[in-house]
$ cat entry_16.cif   # mmCIF, C-alpha atoms (C1' of nucleotides)
data_work
loop_
_atom_site.group_PDB
_atom_site.id
_atom_site.type_symbol
_atom_site.label_atom_id
_atom_site.label_comp_id
_atom_site.auth_asym_id
_atom_site.auth_seq_id
_atom_site.Cartn_x
_atom_site.Cartn_y
_atom_site.Cartn_z
ATOM 1 C CA MET A 263 -22.331 32.839 -66.445
ATOM 2 C CA LYS A 264 -25.166 32.534 -68.921
ATOM 3 C CA ILE A 265 -24.525 32.701 -72.663
ATOM 4 C CA ALA A 266 -27.139 32.705 -75.436
ATOM 5 C CA THR A 267 -27.449 32.669 -79.207
ATOM 6 C CA TRP A 268 -30.367 34.040 -81.229
ATOM 7 C CA ASN A 269 -30.959 34.605 -84.927
ATOM 8 C CA ILE A 270 -33.027 37.722 -84.492
ATOM 9 C CA ASN A 271 -33.929 38.555 -88.116
ATOM 10 C CA SER A 272 -33.449 42.336 -87.771
ATOM 11 C CA VAL A 273 -32.108 43.759 -84.520
ATOM 12 C CA ARG A 274 -33.807 47.118 -85.036
ATOM 13 C CA LEU A 275 -37.222 45.536 -85.306
ATOM 14 C CA ARG A 276 -36.778 43.339 -82.245
ATOM 15 C CA LYS A 277 -34.538 45.184 -79.798
ATOM 16 C CA GLU A 278 -37.299 45.286 -77.155
ATOM 17 C CA GLN A 279 -37.807 41.524 -77.421
ATOM 18 C CA ILE A 280 -34.067 40.968 -77.082
ATOM 19 C CA LEU A 281 -33.772 43.173 -74.011
ATOM 20 C CA SER A 282 -36.787 41.594 -72.369
ATOM 21 C CA PHE A 283 -35.250 38.149 -72.946
ATOM 22 C CA LEU A 284 -31.846 39.231 -71.612
ATOM 23 C CA LYS A 285 -33.402 40.614 -68.440
ATOM 24 C CA LYS A 286 -35.867 37.826 -67.783
ATOM 25 C CA GLU A 287 -33.343 35.036 -68.308
ATOM 26 C CA LYS A 288 -30.408 36.912 -66.751
ATOM 27 C CA ILE A 289 -28.199 36.468 -69.787
ATOM 28 C CA ASP A 290 -24.628 37.748 -69.441
ATOM 29 C CA LEU A 291 -23.571 37.508 -73.064
ATOM 30 C CA ILE A 292 -25.605 37.047 -76.243
ATOM 31 C CA CYS A 293 -24.577 36.248 -79.804
ATOM 32 C CA LEU A 294 -26.998 37.615 -82.402
ATOM 33 C CA GLN A 295 -27.250 36.714 -86.084
ATOM 34 C CA GLU A 296 -29.062 38.353 -88.989
ATOM 35 C CA THR A 297 -28.925 41.772 -87.404
ATOM 36 C CA LYS A 298 -29.448 43.205 -90.916
ATOM 37 C CA VAL A 299 -27.947 46.562 -90.097
ATOM 38 C CA THR A 300 -24.725 48.548 -90.484
ATOM 39 C CA ASN A 301 -22.632 49.237 -87.381
ATOM 40 C CA GLU A 302 -23.634 52.905 -87.569
ATOM 41 C CA GLU A 303 -27.357 52.060 -87.407
ATOM 42 C CA PHE A 304 -27.056 49.348 -84.737
ATOM 43 C CA PRO A 305 -29.059 50.279 -81.589
ATOM 44 C CA LEU A 306 -26.012 49.854 -79.370
ATOM 45 C CA LYS A 307 -26.879 52.565 -76.817
ATOM 46 C CA TYR A 308 -30.193 50.856 -76.148
ATOM 47 C CA PHE A 309 -28.297 47.834 -74.810
ATOM 48 C CA ASN A 310 -25.408 49.813 -73.264
ATOM 49 C CA LYS A 311 -27.733 51.627 -70.914
ATOM 50 C CA GLU A 312 -29.115 48.310 -69.690
ATOM 51 C CA GLY A 313 -25.726 47.045 -68.583
ATOM 52 C CA PHE A 314 -24.506 45.453 -71.789
ATOM 53 C CA ILE A 315 -21.558 47.799 -71.895
ATOM 54 C CA TYR A 316 -19.229 45.442 -73.753
ATOM 55 C CA SER A 317 -19.922 44.636 -77.359
ATOM 56 C CA TYR A 318 -18.569 43.614 -80.700
ATOM 57 C CA ILE A 319 -20.781 44.309 -83.697
ATOM 58 C CA ARG A 320 -20.178 43.540 -87.322
ATOM 59 C CA GLY A 321 -22.947 44.322 -89.738
ATOM 60 C CA GLU A 322 -23.789 45.335 -93.251
ATOM 61 C CA LYS A 323 -26.786 46.842 -94.964
ATOM 62 C CA SER A 324 -29.850 44.563 -95.337
ATOM 63 C CA TYR A 325 -28.225 41.145 -95.046
ATOM 64 C CA ASN A 326 -26.445 38.925 -92.525
ATOM 65 C CA GLY A 327 -24.707 40.695 -89.629
ATOM 66 C CA VAL A 328 -23.520 39.318 -86.291
ATOM 67 C CA ALA A 329 -23.173 40.924 -82.883
ATOM 68 C CA ILE A 330 -22.071 40.112 -79.342
ATOM 69 C CA LEU A 331 -23.570 42.067 -76.447
ATOM 70 C CA SER A 332 -22.077 41.432 -73.034
ATOM 71 C CA LYS A 333 -22.048 42.379 -69.364
ATOM 72 C CA ILE A 334 -18.747 40.525 -69.061
ATOM 73 C CA PRO A 335 -15.536 42.244 -70.164
ATOM 74 C CA ILE A 336 -14.241 41.298 -73.593
ATOM 75 C CA LYS A 337 -10.488 41.039 -73.892
ATOM 76 C CA LYS A 338 -9.983 40.538 -77.603
ATOM 77 C CA LYS A 339 -12.104 41.037 -80.743
ATOM 78 C CA ILE A 340 -11.374 39.342 -84.062
ATOM 79 C CA PHE A 341 -13.348 38.544 -87.198
ATOM 80 C CA TYR A 342 -12.672 36.169 -90.039
ATOM 81 C CA ASN A 343 -13.909 36.213 -93.608
ATOM 82 C CA PHE A 344 -14.972 33.029 -95.386
ATOM 83 C CA CYS A 345 -15.178 32.348 -99.122
ATOM 84 C CA GLY A 346 -13.385 35.611 -99.822
ATOM 85 C CA LEU A 347 -16.460 37.622 -98.888
ATOM 86 C CA ASN A 348 -16.595 40.466 -96.406
ATOM 87 C CA ASP A 349 -20.175 39.575 -95.516
ATOM 88 C CA ALA A 350 -20.361 39.774 -91.708
ATOM 89 C CA ARG A 351 -20.936 36.123 -90.854
ATOM 90 C CA HIS A 352 -18.359 35.673 -88.096
ATOM 91 C CA ILE A 353 -16.962 37.412 -85.057
ATOM 92 C CA GLN A 354 -14.865 36.083 -82.216
ATOM 93 C CA VAL A 355 -14.139 37.357 -78.734
ATOM 94 C CA VAL A 356 -11.876 36.233 -75.907
ATOM 95 C CA LEU A 357 -13.046 36.610 -72.291
ATOM 96 C CA ASP A 358 -10.834 37.361 -69.277
ATOM 97 C CA ASN A 359 -10.859 33.658 -68.357
ATOM 98 C CA SER A 360 -9.382 32.951 -71.830
ATOM 99 C CA ILE A 361 -12.525 31.236 -73.118
ATOM 100 C CA ILE A 362 -12.895 31.922 -76.836
ATOM 101 C CA ILE A 363 -16.381 32.626 -78.157
ATOM 102 C CA HIS A 364 -17.228 32.387 -81.859
ATOM 103 C CA ASN A 365 -20.455 33.749 -83.304
ATOM 104 C CA PHE A 366 -21.318 32.248 -86.714
ATOM 105 C CA TYR A 367 -23.989 32.822 -89.309
ATOM 106 C CA VAL A 368 -23.537 30.004 -91.828
ATOM 107 C CA PRO A 369 -25.083 30.583 -95.284
ATOM 108 C CA ALA A 370 -28.581 29.153 -95.668
ATOM 109 C CA GLY A 371 -27.754 27.462 -98.956
ATOM 110 C CA GLY A 372 -30.793 28.123 -101.136
ATOM 111 C CA ASP A 373 -33.270 25.496 -102.286
ATOM 112 C CA ILE A 374 -31.530 22.884 -104.423
ATOM 113 C CA PRO A 375 -29.001 20.677 -102.593
ATOM 114 C CA ASP A 376 -26.626 20.406 -105.535
ATOM 115 C CA ILE A 377 -23.390 22.385 -105.728
ATOM 116 C CA ASN A 378 -23.417 22.205 -109.529
ATOM 117 C CA LYS A 379 -26.903 23.626 -109.883
ATOM 118 C CA ASN A 380 -27.114 26.006 -106.971
ATOM 119 C CA PRO A 381 -24.388 28.593 -106.255
ATOM 120 C CA LYS A 382 -25.858 29.260 -102.810
ATOM 121 C CA PHE A 383 -25.439 25.625 -101.829
ATOM 122 C CA LYS A 384 -21.918 25.671 -103.224
ATOM 123 C CA HIS A 385 -21.214 28.720 -101.066
ATOM 124 C CA LYS A 386 -22.562 26.951 -97.974
ATOM 125 C CA VAL A 387 -20.407 23.872 -98.554
ATOM 126 C CA LYS A 388 -17.293 25.973 -99.169
ATOM 127 C CA PHE A 389 -18.047 27.985 -96.052
ATOM 128 C CA LEU A 390 -18.276 24.796 -93.975
ATOM 129 C CA LYS A 391 -14.990 23.479 -95.374
ATOM 130 C CA GLU A 392 -13.211 26.743 -94.580
ATOM 131 C CA MET A 393 -14.791 26.802 -91.131
ATOM 132 C CA ILE A 394 -13.349 23.359 -90.376
ATOM 133 C CA ASP A 395 -9.891 24.385 -91.568
ATOM 134 C CA PHE A 396 -10.107 27.589 -89.551
ATOM 135 C CA LEU A 397 -11.141 25.839 -86.325
ATOM 136 C CA LYS A 398 -9.078 22.656 -86.453
ATOM 137 C CA VAL A 399 -5.888 24.522 -85.545
ATOM 138 C CA THR A 400 -7.525 25.535 -82.238
ATOM 139 C CA LYS A 401 -8.692 22.003 -81.420
ATOM 140 C CA LYS A 402 -7.124 22.030 -77.936
ATOM 141 C CA LYS A 403 -8.296 25.531 -76.954
ATOM 142 C CA SER A 404 -11.247 26.162 -74.615
ATOM 143 C CA LYS A 405 -13.914 27.533 -76.848
ATOM 144 C CA ILE A 406 -17.626 27.924 -77.456
ATOM 145 C CA LEU A 407 -19.062 28.081 -80.958
ATOM 146 C CA LEU A 408 -22.527 29.580 -81.144
ATOM 147 C CA GLY A 409 -24.835 30.623 -83.883
ATOM 148 C CA ASP A 410 -27.106 29.779 -86.737
ATOM 149 C CA PHE A 411 -25.377 26.871 -88.492
ATOM 150 C CA ASN A 412 -28.331 26.277 -90.820
ATOM 151 C CA ILE A 413 -27.857 22.538 -90.342
ATOM 152 C CA ALA A 414 -30.180 20.201 -88.452
ATOM 153 C CA PRO A 415 -27.715 17.362 -87.806
ATOM 154 C CA MET A 416 -29.731 14.608 -86.149
ATOM 155 C CA GLN A 417 -32.893 12.695 -87.031
ATOM 156 C CA ASN A 418 -34.840 14.301 -84.228
ATOM 157 C CA ASP A 419 -33.631 17.776 -85.122
ATOM 158 C CA VAL A 420 -36.287 17.885 -87.854
ATOM 159 C CA TRP A 421 -40.017 17.152 -87.944
ATOM 160 C CA SER A 422 -39.535 14.372 -90.499
ATOM 161 C CA HIS A 423 -36.125 12.865 -91.151
ATOM 162 C CA LYS A 424 -37.370 11.006 -94.235
ATOM 163 C CA GLN A 425 -39.084 13.976 -95.814
ATOM 164 C CA LEU A 426 -36.167 16.316 -95.226
ATOM 165 C CA LEU A 427 -33.307 14.082 -96.370
ATOM 166 C CA ASN A 428 -33.151 15.957 -99.648
ATOM 167 C CA VAL A 429 -33.965 19.364 -98.201
ATOM 168 C CA VAL A 430 -31.148 21.863 -97.653
ATOM 169 C CA SER A 431 -30.208 21.909 -93.926
ATOM 170 C CA HIS A 432 -30.664 18.155 -93.399
ATOM 171 C CA THR A 433 -28.844 16.521 -96.327
ATOM 172 C CA LYS A 434 -26.179 13.902 -95.632
ATOM 173 C CA LEU A 435 -23.510 16.175 -97.098
ATOM 174 C CA GLU A 436 -24.290 18.969 -94.638
ATOM 175 C CA VAL A 437 -24.688 16.613 -91.680
ATOM 176 C CA ASP A 438 -21.319 15.011 -92.510
ATOM 177 C CA TYR A 439 -19.663 18.430 -92.511
ATOM 178 C CA PHE A 440 -21.315 19.275 -89.202
ATOM 179 C CA ASN A 441 -19.951 16.093 -87.629
ATOM 180 C CA GLU A 442 -16.530 16.667 -89.145
ATOM 181 C CA LEU A 443 -16.588 20.119 -87.588
ATOM 182 C CA LEU A 444 -17.344 18.663 -84.146
ATOM 183 C CA ASP A 445 -14.494 16.198 -84.540
ATOM 184 C CA LYS A 446 -11.808 18.455 -85.994
ATOM 185 C CA ALA A 447 -12.631 21.508 -83.874
ATOM 186 C CA GLY A 448 -12.771 19.361 -80.738
ATOM 187 C CA VAL A 449 -16.247 20.418 -79.653
ATOM 188 C CA ILE A 450 -19.451 18.679 -78.595
ATOM 189 C CA ASP A 451 -23.084 19.437 -79.305
ATOM 190 C CA ILE A 452 -24.016 20.326 -75.729
ATOM 191 C CA THR A 453 -27.711 20.881 -76.466
ATOM 192 C CA ARG A 454 -28.103 17.255 -77.534
ATOM 193 C CA GLU A 455 -26.183 16.109 -74.460
ATOM 194 C CA PHE A 456 -28.861 17.724 -72.303
ATOM 195 C CA PHE A 457 -31.847 16.341 -74.215
ATOM 196 C CA ASN A 458 -32.821 12.759 -74.885
ATOM 197 C CA LEU A 459 -31.874 11.625 -78.399
ATOM 198 C CA GLU A 460 -35.471 10.533 -78.935
ATOM 199 C CA GLU A 461 -36.814 13.982 -78.171
ATOM 200 C CA ARG A 462 -37.578 16.266 -81.105
ATOM 201 C CA ILE A 463 -36.030 19.660 -80.408
ATOM 202 C CA TYR A 464 -36.205 22.664 -82.724
ATOM 203 C CA THR A 465 -34.974 26.240 -82.797
ATOM 204 C CA TRP A 466 -36.684 27.395 -85.990
ATOM 205 C CA TRP A 467 -40.218 27.273 -87.382
ATOM 206 C CA SER A 468 -41.023 28.754 -90.802
ATOM 207 C CA TYR A 469 -42.952 32.012 -90.991
ATOM 208 C CA ARG A 470 -44.979 30.476 -93.792
ATOM 209 C CA ASN A 471 -46.877 28.201 -91.533
ATOM 210 C CA ARG A 472 -49.456 30.252 -89.661
ATOM 211 C CA ASN A 473 -50.183 27.269 -87.472
ATOM 212 C CA TRP A 474 -46.537 26.716 -86.574
ATOM 213 C CA ALA A 475 -47.217 25.432 -83.049
ATOM 214 C CA LYS A 476 -49.904 22.990 -84.048
ATOM 215 C CA SER A 477 -48.133 21.495 -87.067
ATOM 216 C CA ASP A 478 -44.760 21.830 -85.260
ATOM 217 C CA ARG A 479 -42.672 21.396 -88.385
ATOM 218 C CA GLY A 480 -39.479 22.830 -86.964
ATOM 219 C CA ARG A 481 -35.782 22.285 -87.343
ATOM 220 C CA ARG A 482 -32.844 22.619 -84.915
ATOM 221 C CA LEU A 483 -30.556 24.965 -86.814
ATOM 222 C CA ASP A 484 -29.054 26.998 -83.980
ATOM 223 C CA HIS A 485 -26.298 25.448 -81.934
ATOM 224 C CA ILE A 486 -23.976 25.831 -78.992
ATOM 225 C CA LEU A 487 -20.851 23.722 -79.384
ATOM 226 C CA ILE A 488 -18.336 23.578 -76.556
ATOM 227 C CA SER A 489 -14.890 22.123 -75.906
ATOM 228 C CA GLU A 490 -14.885 18.770 -74.119
ATOM 229 C CA SER A 491 -12.934 20.458 -71.327
ATOM 230 C CA LEU A 492 -15.875 22.775 -70.583
ATOM 231 C CA LYS A 493 -18.485 20.035 -70.374
ATOM 232 C CA GLY A 494 -18.155 19.624 -66.625
ATOM 233 C CA PHE A 495 -18.980 23.289 -66.080
ATOM 234 C CA ILE A 496 -22.308 23.257 -67.922
ATOM 235 C CA GLN A 497 -25.240 23.486 -65.530
ATOM 236 C CA GLU A 498 -28.134 23.841 -67.955
ATOM 237 C CA VAL A 499 -29.097 24.194 -71.595
ATOM 238 C CA LYS A 500 -32.355 25.955 -72.434
ATOM 239 C CA LEU A 501 -34.485 26.423 -75.535
ATOM 240 C CA TYR A 502 -37.071 29.207 -75.417
ATOM 241 C CA LYS A 503 -39.884 27.910 -77.596
ATOM 242 C CA SER A 504 -42.474 30.292 -76.153
ATOM 243 C CA LEU A 505 -40.711 33.237 -77.807
ATOM 244 C CA ARG A 506 -41.737 31.936 -81.230
ATOM 245 C CA GLY A 507 -45.303 32.695 -80.141
ATOM 246 C CA GLU A 508 -44.670 36.337 -79.235
ATOM 247 C CA LYS A 509 -46.072 39.189 -81.300
ATOM 248 C CA ASN A 510 -43.839 39.836 -84.339
ATOM 249 C CA PRO A 511 -41.393 37.062 -83.494
ATOM 250 C CA SER A 512 -38.155 36.034 -85.146
ATOM 251 C CA ASP A 513 -38.534 32.691 -86.913
ATOM 252 C CA HIS A 514 -35.704 31.414 -84.668
ATOM 253 C CA ILE A 515 -35.728 31.056 -80.877
ATOM 254 C CA PRO A 516 -32.787 31.596 -78.522
ATOM 255 C CA VAL A 517 -30.702 28.825 -76.979
ATOM 256 C CA SER A 518 -28.687 29.356 -73.797
ATOM 257 C CA ILE A 519 -26.183 27.602 -71.574
ATOM 258 C CA ALA A 520 -25.316 28.276 -67.963
ATOM 259 C CA LEU A 521 -21.661 27.708 -67.069
ATOM 260 C CA ASN A 522 -20.219 27.403 -63.617
ATOM 261 C CA VAL A 523 -17.064 29.424 -64.315
ATOM 262 C "C1'" DA B 22 -50.097 17.312 -100.621
ATOM 263 C "C1'" DT B 23 -49.305 21.841 -101.090
ATOM 264 C "C1'" DG B 24 -48.566 26.437 -99.928
ATOM 265 C "C1'" DG B 25 -47.935 29.166 -96.768
ATOM 266 C "C1'" DC B 26 -44.797 34.743 -94.416
ATOM 267 C "C1'" DG B 27 -41.667 38.411 -93.203
ATOM 268 C "C1'" DC B 28 -37.401 41.148 -93.576
ATOM 269 C "C1'" DG B 29 -34.945 45.513 -95.880
ATOM 270 C "C1'" DG B 30 -34.576 48.501 -99.586
ATOM 271 C "C1'" DT B 31 -36.367 52.210 -102.305
ATOM 272 C "C1'" DC B 32 -39.929 50.590 -103.224
ATOM 273 C "C1'" DA B 33 -45.811 48.650 -104.146
ATOM 274 C "C1'" DC B 34 -41.830 45.059 -106.328
ATOM 275 C "C1'" DC B 35 -37.761 42.100 -105.494
ATOM 276 C "C1'" DG B 36 -34.038 39.208 -103.328
ATOM 277 C "C1'" DC B 37 -33.554 36.483 -99.615
ATOM 278 C "C1'" DG B 38 -34.425 33.316 -95.849
ATOM 279 C "C1'" DA B 39 -34.617 27.572 -95.022
#

$ encode --input "entry_16.cif" --output "structure tokens"
Amino acid sequence: MKIATWNINSVRLRKEQILSFLKKEKIDLICLQETKVTNEEFPLKYFNKEGFIYSYIRGEKSYNGVAILSKIPIKKKIFYNFCGLNDARHIQVVLDNSIIIHNFYVPAGGDIPDINKNPKFKHKVKFLKEMIDFLKVTKKKSKILLGDFNIAPMQNDVWSHKQLLNVVSHTKLEVDYFNELLDKAGVIDITREFFNLEERIYTWWSYRNRNWAKSDRGRRLDHILISESLKGFIQEVKLYKSLRGEKNPSDHIPVSIALNV
DNA sequence: ATGGCGCGGTCACCGCGA
């Protein structure tokens, strides 16, 4: 079973790229973020006719939006609201084998890393706190958390640890919350387990840098976190950097895991 | 060292991303 996550930055604009990726990499289930579309306007039939007959979509106009497209049956569909907002940042499904899959789009947090000066950062921090409280009660359950966490937790998850210490996504406050989440939710950062700690790995490169590949100033913001109990079933973890170089790309690339279950 | 782009909406500009 192969599961992927991808912040797609508009599903309508990039449905062909998504399908091509799903086919080429033989993905069974994908979690999308920033679909930027209402459920009514979501191109669901486009994926249904290609075998992704199971789905759970939750979108809104213009902003945010998450979706799960699957070839594998989905037993249960649930969503949760954080910070009292109905803003389509989380959905959850349960598979027939009882594995729980969460798809998250954590708030970006704006520019200034100060909760007293920047309401967007305050929102992000509150979201993370509520996420921890929400997940800690399921610590013992077999689960996979995927999505755009908007946090680059380790030194080699950014192009320059020193220069990004005070940049939203890599501040100590955010990294501490990320690690608390791993601990309290009972999950591990499986991508890092499959790559050397010394290796710089990214899932996002800014649109603003035309020469993104050459300057390579990326960040690892997209994650797949799995229960300890599932670790033995993981056969591979893949990052698809080449997709950032496609025509009209998303600024994020997909990440996938292959599970032997 | 800095600035750099791309999305959706209802517009030819803005809010937002990170």

$ resolve_selection --input "entry_16.cif" --expression "the PyMOL selection byres ((chain B) within 12 of (chain A))" --output "list in words"
DT23, DG24, DG25, DC26, DG27, DC28, DG29, DG30, DG36, DC37, DG38 and DA39 of chain B

$ resolve_selection --input "entry_16.cif" --expression "the PyMOL selection byres ((chain A and resi 388-401) around 7)" --output "JSON, numbers by chain"
{"A": [344, 345, 384, 385, 386, 387, 402, 403, 439, 443, 446, 447, 448]}

$ atom_distance --input "entry_16.cif" --atom1 "CA of Lys338 (chain A)" --atom2 "CA of Phe283 (chain A)"
25.8 Å

$ resolve_selection --input "entry_16.cif" --expression "the PyMOL selection byres ((chain A and resi 434) around 12)" --output "list in words"
Pro375, Asp376, Val387, Ile413, Ala414, Pro415, Met416, Gln417, His423, Lys424, Leu426, Leu427, Asn428, Val429, Val430, Ser431, His432, Thr433, Leu435, Glu436, Val437, Asp438, Tyr439, Phe440, Asn441 and Glu442 of chain A

$ write_last_selection --input "entry_16.cif" --atoms "C-alpha atoms" --output "compact mmCIF listing (two decimals), in the coordinates of the input"
# COMPACT_ATOMS: atom_id res chain seq x y z
CA PRO A 375 -29.00 20.68 -102.59
CA ASP A 376 -26.63 20.41 -105.54
CA VAL A 387 -20.41 23.87 -98.55
CA ILE A 413 -27.86 22.54 -90.34
CA ALA A 414 -30.18 20.20 -88.45
CA PRO A 415 -27.72 17.36 -87.81
CA MET A 416 -29.73 14.61 -86.15
CA GLN A 417 -32.89 12.70 -87.03
CA HIS A 423 -36.12 12.86 -91.15
CA LYS A 424 -37.37 11.01 -94.24
CA LEU A 426 -36.17 16.32 -95.23
CA LEU A 427 -33.31 14.08 -96.37
CA ASN A 428 -33.15 15.96 -99.65
CA VAL A 429 -33.97 19.36 -98.20
CA VAL A 430 -31.15 21.86 -97.65
CA SER A 431 -30.21 21.91 -93.93
CA HIS A 432 -30.66 18.16 -93.40
CA THR A 433 -28.84 16.52 -96.33
CA LEU A 435 -23.51 16.18 -97.10
CA GLU A 436 -24.29 18.97 -94.64
CA VAL A 437 -24.69 16.61 -91.68
CA ASP A 438 -21.32 15.01 -92.51
CA TYR A 439 -19.66 18.43 -92.51
CA PHE A 440 -21.32 19.27 -89.20
CA ASN A 441 -19.95 16.09 -87.63
CA GLU A 442 -16.53 16.67 -89.14

$ axis_aligned_box --input "entry_16.cif" --around "region 360-363 of chain A" --padding-each-side "3 Å" --output "JSON"
{"center_x": -12.9, "center_y": 32.1, "center_z": -75.0, "size_x": 13.0, "size_y": 7.7, "size_z": 12.3}

$ atom_distance --input "entry_16.cif" --atom1 "CA of Pro305 (chain A)" --atom2 "C1' of DC34 (chain B)"
28.3 Å

$ atom_distance --input "entry_16.cif" --atom1 "CA of Ile315 (chain A)" --atom2 "CA of Asn365 (chain A)"
18.1 Å

$ residues_near_point --input "entry_16.cif" --point "(-32.9, 51.2, -74.6)" --cutoff "12 Å" --atoms "only C-alpha atoms (C1' of nucleotides)" --output "count of residues only"
19

$ closest_residue --input "entry_16.cif" --among "A:Phe456, A:Phe366, A:Trp421, A:Tyr316" --to "Leu408 (chain A)" --atoms "all atoms listed in the file"
A:Phe366
